[in-house]
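The structure appears right after this line, and notes come after that.
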Amino acid sequence: MADEEKQKYEAFQTPKGVHDILPVVHEFHTFVKKVVRHRARQSGYRRISTPIFEYTEVFKRSIGDSSDIVSKEMYTFKDRKGRSLTLKPEGTAGVARSYIEKGMNQLPQPVLLYYFEPHFRYDRPQKGRYRQFWQFGFEVIGESDPALDAQVIQLADRINEDLGIKDILSLQLNTIGSSESRQKYMQALQDYYVGKERSLCESCKGRLDTNPLRLLDCKAEDCKILAELAPAMKDYLDKESLDYHEELKSYLDELGITYEENPKLVRGLDYYSKTVFEFWDKEEGAQNAIGGGGRYDGLIELMGGQPTPAVGYAAGVERIIANMRRIKIRVPSKDSLHVFVAQLGKEAKKKCLPLIKNLHDAGLKTMGALGKGSINVQLRLAHKFGAPYTVLIGITEVREGTAIIRDMEKGQQETVSMENVVYRLVELIGKDNLDRYSPGELLYS
Ligand code: HAM
């Protein structure tokens, strides 16, 4: 293919690292969203959506200049007035900005918020790593207590259980202490690496000055060996953080939640203090964490609010779904049809339209072939759409005020009067199988 032609062709494909969510995958998305919503509501969380883009400073200030996200993964652009905007790479910064901007400190504390949103990172696309991906997350803002950290972890753990993936995951837990004690530790790390720079990978060489903590969780072989021998973080942490951590662990024990203490877990975002945790796929380890979170007591103040402690968690929806599908978990499909309506002739079509509406009102998932194909073509279509029953209306049925109901599996059919079609189909499908979801009644004040 000529270059020019190839370019045109490629212009109609999704850009690298992003993908369509096709109907089969949407069934999983819907299921995950329902589980998240249910568990969030049960615990008193309310949903928030922050904008897809914010001023770049919101992310730079919170996630940190030296983090991978800010230094190389943000989609940043200028608007027509030259202001720098960024597509949100994660959810916490926007929620913190909203907490401050909307004066949520006036609400009863802590404020419990959850989200289910697309996020954007210019990551190197590979398995489980995309440039647009969905996260759900929880933020508890306004109070500091290890019991709250335990509750957030328990909520995440409970959702993993609801989704059938709890057993294939391990909970990694660590504390990174207060920011002052962490500064001391980072200095100790920098001292330790003096003279060893040549053995570090290129990324770690760059991070040594700006973010030495990240050297601890580098995946390169030589960096891993050096990290093993590095000074231990717990020897530098303040007593308050260590006590806090012990208390958190005692609550997790009480809840029966098993965890692995991982002194090398530091997370890739700068805003954390004290508790950090991640859920890892037991087989793949750190490579494809399905979710992570921690305490971020300094963030709201750093962004211009009052000093306000907070803790939260977010998980990657694509990675969760990939794991569910890998271990062959299926989710209930609500998309399957009950009834297919086939017709022949203009007069029959007139009867079909109100019939389909009445079938919908009765809770029967129905579609009609309202084109001009022969009855045989329409029956073949009905088979392809997989509806267990087809209603056939032709010229004779219109004249006699009847319709034919065909059982597609058995190939048997019966003729019923037009008034009885809905009633008979409800009987055949079964009252318990109807799709009568109602969003709730409207209230008028
Ligand atoms: P994070 O660890 O950067 O934390 O992201 C959370 C999850 O999002 C990851 O564990 C992963 O499953 C998913 N994820 C991240 N990047 C990608 C990607 N490129 N493709 C697919 N999935 C991805 C945060 O974002 C924090 N805001 C979590 C938090 C909330 N901390 C406190 N509150």
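To be explicit about the labels: the chains of the structure tokens are called A, B, and onward in the order shown, and within each one the residues are counted from 1, while ligands get numbers from 1 in the order they are shown.
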
Counting only C-alpha atoms and all ligand atoms, which residues in chain A sit no more than 8 Å from ligand 1? For each one, give the nearest pair of atoms and the distance in Å, sorted by chain then residue number, as CSV.
```
residue,atom,partner,partner_atom_place_in_ligand_line,distance
A:Pro89,CA,ligand 1,25 (O),7.3
A:Glu90,CA,ligand 1,25 (O),4.4
A:Gly91,CA,ligand 1,27 (N),5.1
A:Thr92,CA,ligand 1,27 (N),4.6
A:Ala93,CA,ligand 1,27 (N),7.3
A:Phe120,CA,ligand 1,19 (N),7.2
A:Arg121,CA,ligand 1,19 (N),5.6
A:Tyr122,CA,ligand 1,19 (N),7.4
A:Asp123,CA,ligand 1,19 (N),5.4
A:Arg124,CA,ligand 1,19 (N),7.8
A:Pro125,CA,ligand 1,19 (N),7.4
A:Gly128,CA,ligand 1,21 (C),5.2
A:Arg129,CA,ligand 1,20 (N),3.5
A:Tyr130,CA,ligand 1,20 (N),3.9
A:Arg131,CA,ligand 1,19 (N),5.5
A:Gln132,CA,ligand 1,20 (N),6.8
A:Phe133,CA,ligand 1,21 (C),5.0
A:Trp134,CA,ligand 1,22 (N),6.9
A:Gln135,CA,ligand 1,8 (O),5.7
A:Gly137,CA,ligand 1,30 (C),5.8
A:Phe138,CA,ligand 1,33 (N),6.3
A:Glu139,CA,ligand 1,33 (N),5.6
A:Arg267,CA,ligand 1,2 (O),6.7
A:Gly268,CA,ligand 1,3 (O),6.5
A:Leu269,CA,ligand 1,3 (O),6.9
A:Tyr272,CA,ligand 1,31 (N),7.8
A:Glu278,CA,ligand 1,10 (O),7.0
A:Phe279,CA,ligand 1,10 (O),7.4
A:Asn288,CA,ligand 1,12 (O),6.7
A:Ala289,CA,ligand 1,10 (O),4.5
A:Ile290,CA,ligand 1,12 (O),3.7
A:Gly291,CA,ligand 1,10 (O),3.3
A:Gly292,CA,ligand 1,2 (O),4.7
A:Gly293,CA,ligand 1,31 (N),3.7
A:Gly294,CA,ligand 1,32 (C),5.1
A:Arg295,CA,ligand 1,32 (C),6.5
A:Tyr296,CA,ligand 1,32 (C),7.0
A:Val311,CA,ligand 1,32 (C),5.9
A:Gly312,CA,ligand 1,33 (N),3.4
A:Tyr313,CA,ligand 1,30 (C),3.7
A:Ala314,CA,ligand 1,28 (C),4.3
A:Ala315,CA,ligand 1,7 (C),4.2
A:Gly316,CA,ligand 1,12 (O),3.4
A:Val317,CA,ligand 1,12 (O),6.8
A:Glu318,CA,ligand 1,21 (C),6.2
A:Arg319,CA,ligand 1,12 (O),5.7
A:Ile320,CA,ligand 1,12 (O),7.5
```

task = May I have the residues within 7 Å of A:Ile395 as a list of chain:residue names, using only C-alpha atoms and disregarding those fewer than 5 positions away in the same chain?
result = A:Leu344, A:Gly345, A:Ala348

Writer output for current selection, all heavy atoms, as a JSON list (two decimals), in the first residue's frame:
```
[["chain", "number", "residue", "atom", "x", "y", "z"],
["A", 344, "LEU", "N", -45.33, -8.84, 7.45],
["A", 344, "LEU", "CA", -45.35, -8.81, 6.00],
["A", 344, "LEU", "C", -46.41, -7.83, 5.53],
["A", 344, "LEU", "O", -47.61, -8.02, 5.82],
["A", 344, "LEU", "CB", -45.65, -10.22, 5.45],
["A", 344, "LEU", "CG", -45.15, -10.48, 4.04],
["A", 344, "LEU", "CD1", -43.63, -10.34, 3.98],
["A", 344, "LEU", "CD2", -45.57, -11.87, 3.58],
["A", 345, "GLY", "N", -46.00, -6.80, 4.86],
["A", 345, "GLY", "CA", -46.96, -5.84, 4.31],
["A", 345, "GLY", "C", -47.14, -4.62, 5.21],
["A", 345, "GLY", "O", -46.91, -4.67, 6.41],
["A", 348, "ALA", "N", -49.60, -4.84, 8.17],
["A", 348, "ALA", "CA", -49.04, -5.62, 9.29],
["A", 348, "ALA", "C", -48.05, -4.75, 10.07],
["A", 348, "ALA", "O", -48.01, -4.77, 11.30],
["A", 348, "ALA", "CB", -48.36, -6.88, 8.77]]
```

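Proximity of A:Arg41, A:Glu254, A:His119, A:Lys351 to A:Glu73, computed with only C-alpha atoms, is greatest for A:His119.
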
task = as number ranges by chain, list the residues of stretch 55-303 of chain A assigned to helix (DSSP H, G or I) by DSSP on the backbone atoms of this structure.
result = A: 56-63, 68-72, 92-101, 104-106, 146-162, 166-168, 179-193, 197-199, 202-210, 212-217, 221-229, 233-235, 239-255, 286-288, 299-302

Serialized selection, C-alpha atoms, as a short mmCIF file (atom, residue, chain, number, x, y, z; two decimals), in the first residue's frame:
```cif
data_model
loop_
_atom_site.label_atom_id
_atom_site.label_comp_id
_atom_site.auth_asym_id
_atom_site.auth_seq_id
_atom_site.Cartn_x
_atom_site.Cartn_y
_atom_site.Cartn_z
CA THR A 56 -2.32 21.47 34.26
CA GLU A 57 -1.20 22.87 37.62
CA VAL A 58 -3.86 20.77 39.42
CA PHE A 59 -1.98 17.61 38.45
CA LYS A 60 1.55 19.01 38.55
CA ARG A 61 1.19 20.32 42.06
CA SER A 62 -0.47 17.19 43.45
CA ILE A 63 1.07 14.21 41.67
CA ASP A 68 6.42 9.47 35.75
CA ILE A 69 2.87 10.70 35.24
CA VAL A 70 3.75 14.41 35.29
CA SER A 71 7.17 14.16 33.69
CA LYS A 72 6.20 12.03 30.69
CA THR A 92 -7.62 12.15 43.28
CA ALA A 93 -6.21 15.54 42.26
CA GLY A 94 -9.49 16.68 40.67
CA VAL A 95 -11.51 15.51 43.68
CA ALA A 96 -9.16 17.38 46.04
CA ARG A 97 -9.47 20.51 43.88
CA SER A 98 -13.26 20.19 43.98
CA TYR A 99 -13.28 19.65 47.77
CA ILE A 100 -11.47 22.95 48.20
CA GLU A 101 -13.23 24.92 45.46
CA MET A 104 -16.78 20.77 51.12
CA ASN A 105 -15.05 21.36 54.45
CA GLN A 106 -18.42 22.85 55.49
CA PRO A 146 -6.19 4.00 60.84
CA ALA A 147 -9.73 2.60 61.09
CA LEU A 148 -10.66 4.68 58.03
CA ASP A 149 -7.67 3.31 56.09
CA ALA A 150 -8.81 -0.19 57.10
CA GLN A 151 -12.34 0.54 55.90
CA VAL A 152 -11.13 1.77 52.50
CA ILE A 153 -8.99 -1.36 52.09
CA GLN A 154 -11.92 -3.50 53.19
CA LEU A 155 -14.21 -1.84 50.64
CA ALA A 156 -11.71 -2.53 47.85
CA ASP A 157 -11.27 -6.10 49.06
CA ARG A 158 -15.05 -6.61 49.20
CA ILE A 159 -15.45 -5.35 45.64
CA ASN A 160 -12.70 -7.74 44.49
CA GLU A 161 -14.66 -10.52 46.15
CA ASP A 162 -17.94 -9.47 44.50
CA LYS A 166 -10.23 -11.77 45.33
CA ASP A 167 -8.45 -15.14 45.39
CA ILE A 168 -6.08 -14.31 42.53
CA SER A 179 6.91 13.76 54.82
CA GLU A 180 9.67 14.92 57.24
CA SER A 181 10.80 11.39 58.06
CA ARG A 182 10.59 10.50 54.39
CA GLN A 183 12.92 13.40 53.55
CA LYS A 184 15.49 11.93 55.95
CA TYR A 185 15.09 8.52 54.39
CA MET A 186 15.44 9.91 50.86
CA GLN A 187 18.69 11.58 51.90
CA ALA A 188 19.92 8.23 53.29
CA LEU A 189 18.99 6.56 50.00
CA GLN A 190 20.84 9.18 47.96
CA ASP A 191 23.92 8.70 50.15
CA TYR A 192 23.68 4.92 49.71
CA TYR A 193 23.59 5.19 45.93
CA GLU A 197 25.11 5.17 39.79
CA ARG A 198 26.72 3.28 36.92
CA SER A 199 24.82 0.09 37.77
CA GLU A 202 18.67 5.06 32.74
CA SER A 203 15.34 5.91 34.43
CA CYS A 204 16.75 5.36 37.89
CA LYS A 205 19.81 7.47 37.14
CA GLY A 206 17.41 10.30 36.33
CA ARG A 207 15.27 9.71 39.41
CA LEU A 208 18.09 9.55 41.93
CA ASP A 209 18.11 13.31 42.51
CA THR A 210 14.42 13.98 42.13
CA PRO A 212 14.93 8.36 44.99
CA LEU A 213 12.04 6.38 46.52
CA ARG A 214 11.11 5.13 43.05
CA LEU A 215 14.47 3.31 42.84
CA LEU A 216 13.07 0.85 45.37
CA ASP A 217 10.37 -0.51 43.08
CA GLU A 221 17.54 -6.63 37.52
CA ASP A 222 20.57 -4.60 38.70
CA CYS A 223 18.35 -1.93 40.27
CA LYS A 224 16.44 -4.67 42.11
CA ILE A 225 19.66 -6.11 43.56
CA LEU A 226 20.83 -2.68 44.73
CA ALA A 227 17.39 -1.94 46.21
CA GLU A 228 17.54 -5.18 48.23
CA LEU A 229 20.66 -3.92 50.02
CA MET A 233 12.61 2.71 55.23
CA LYS A 234 11.23 1.63 58.59
CA ASP A 235 14.53 2.57 60.30
CA LYS A 239 7.14 6.78 65.73
CA GLU A 240 3.67 8.19 65.08
CA SER A 241 3.58 6.70 61.57
CA LEU A 242 4.87 3.35 62.79
CA ASP A 243 2.23 3.25 65.57
CA TYR A 244 -0.43 4.26 63.05
CA HIS A 245 0.64 1.39 60.84
CA GLU A 246 0.51 -1.14 63.68
CA GLU A 247 -3.00 0.00 64.53
CA LEU A 248 -4.08 -0.30 60.88
CA LYS A 249 -2.74 -3.85 60.74
CA SER A 250 -4.62 -4.77 63.90
CA TYR A 251 -7.87 -3.58 62.26
CA LEU A 252 -7.14 -5.54 59.10
CA ASP A 253 -6.52 -8.63 61.24
CA GLU A 254 -9.82 -8.00 62.98
CA LEU A 255 -11.53 -7.85 59.57
CA ALA A 286 3.80 -5.43 40.54
CA GLN A 287 3.63 -5.43 36.73
CA ASN A 288 -0.11 -5.11 36.53
CA LEU A 299 -2.52 17.14 49.58
CA ILE A 300 -5.45 19.42 50.33
CA GLU A 301 -3.17 21.91 52.08
CA LEU A 302 -0.62 21.66 49.27
#
```

task = Mind the document's chain letters and residue numbers, and return as a ChimeraX atom specification the residues of stretch 32-132 of chain A that DSSP labels strand (DSSP E).
result = /A:46-47,53-55,76-78,84-87,111-120,132

Write out the residues from the selection above, keeping N, CA and C atoms, as a compact mmCIF listing (two decimals), in the first residue's frame.
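Here's the written file out_6.txt:
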```txt
# COMPACT_ATOMS: atom_id res chain seq x y z
N ARG A 46 -20.94 9.13 48.04
CA ARG A 46 -21.77 9.72 46.99
C ARG A 46 -20.91 9.97 45.77
N ARG A 47 -21.56 9.89 44.60
CA ARG A 47 -20.77 9.93 43.36
C ARG A 47 -20.37 11.35 42.97
N PHE A 53 -10.83 17.47 31.71
CA PHE A 53 -9.57 18.21 31.75
C PHE A 53 -9.61 19.30 32.82
N GLU A 54 -8.44 19.59 33.33
CA GLU A 54 -8.29 20.60 34.39
C GLU A 54 -7.09 21.46 34.00
N TYR A 55 -6.88 22.56 34.73
CA TYR A 55 -5.63 23.29 34.55
C TYR A 55 -4.49 22.35 34.90
N THR A 76 -1.12 17.13 27.65
CA THR A 76 -1.23 18.55 27.98
C THR A 76 -1.32 19.35 26.70
N PHE A 77 -2.20 20.34 26.69
CA PHE A 77 -2.37 21.17 25.49
C PHE A 77 -2.77 22.58 25.91
N LYS A 78 -2.62 23.49 25.00
CA LYS A 78 -3.00 24.88 25.27
C LYS A 78 -4.38 25.14 24.67
N SER A 84 -2.75 26.40 29.87
CA SER A 84 -2.33 25.01 29.78
C SER A 84 -3.33 24.10 30.48
N LEU A 85 -3.87 23.14 29.72
CA LEU A 85 -4.86 22.20 30.24
C LEU A 85 -4.33 20.78 30.10
N THR A 86 -4.82 19.87 30.94
CA THR A 86 -4.36 18.48 30.88
C THR A 86 -5.54 17.53 31.06
N LEU A 87 -5.59 16.48 30.23
CA LEU A 87 -6.61 15.43 30.40
C LEU A 87 -6.29 14.69 31.69
N VAL A 111 -15.90 13.57 54.24
CA VAL A 111 -16.70 13.55 53.02
C VAL A 111 -16.31 12.30 52.23
N LEU A 112 -17.32 11.51 51.90
CA LEU A 112 -17.05 10.22 51.21
C LEU A 112 -17.50 10.32 49.75
N LEU A 113 -16.55 10.22 48.83
CA LEU A 113 -16.89 10.39 47.41
C LEU A 113 -16.37 9.20 46.60
N TYR A 114 -17.13 8.85 45.54
CA TYR A 114 -16.61 7.81 44.64
C TYR A 114 -16.81 8.24 43.19
N TYR A 115 -16.03 7.63 42.29
CA TYR A 115 -16.11 7.98 40.87
C TYR A 115 -15.88 6.76 39.99
N PHE A 116 -16.33 6.86 38.76
CA PHE A 116 -16.15 5.80 37.74
C PHE A 116 -15.95 6.56 36.44
N GLU A 117 -14.72 6.72 36.02
CA GLU A 117 -14.41 7.72 34.99
C GLU A 117 -13.30 7.26 34.04
N PRO A 118 -13.24 7.81 32.83
CA PRO A 118 -12.08 7.55 31.97
C PRO A 118 -10.90 8.44 32.38
N HIS A 119 -9.69 7.92 32.23
CA HIS A 119 -8.48 8.69 32.53
C HIS A 119 -7.49 8.51 31.39
N PHE A 120 -6.49 9.37 31.34
CA PHE A 120 -5.61 9.42 30.17
C PHE A 120 -4.14 9.52 30.60
N GLN A 132 -6.09 5.53 27.16
CA GLN A 132 -7.35 5.88 27.82
C GLN A 132 -7.80 4.65 28.57
```

ask   = Could you work out how far atom CA of A:Gln172 lies from atom CA of A:Gly298, giving the answer in Å with one decimal?
value = 22.5 Å

Exercise: A:Leu169 partners within 8 Å, only C-alpha atoms, chain neighbours under 5 positions left out, as a compact mmCIF listing (two decimals) with C-alpha atoms, in the first residue's frame:
```
# COMPACT_ATOMS: atom_id res chain seq x y z
CA PHE A 279 -3.66 -5.19 44.96
CA TRP A 280 -1.41 -7.35 42.77
CA ASP A 281 -2.25 -10.21 40.52
CA LYS A 282 -0.49 -13.10 42.34
```

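Shortest separation to A:Leu337 among A:Tyr45, A:Tyr437, A:Phe136, A:Phe385 occurs at residue A:Phe385, atoms counted being only C-alpha atoms.
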
request  = Can you work out the spacing between atom CA of A:Leu107 and atom CA of A:Ile141 in Å, to one decimal?
outcome  = 10.6 Å

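Note that atom CA of A:Ser333 and atom CA of A:Asp20 are 19.0 Å apart.
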
query = Which residues come within 12 Å of A:Thr402, counting only C-alpha atoms, excluding same-chain residues fewer than 5 positions away, as a ChimeraX atom specification?
reply = /A:348,351-352,355,391-397,414-422

note = One residue among A:Val266, A:Glu284, A:Pro51, A:Leu237 is nearest to A:Lys127 when using only C-alpha atoms, and that residue is A:Glu284
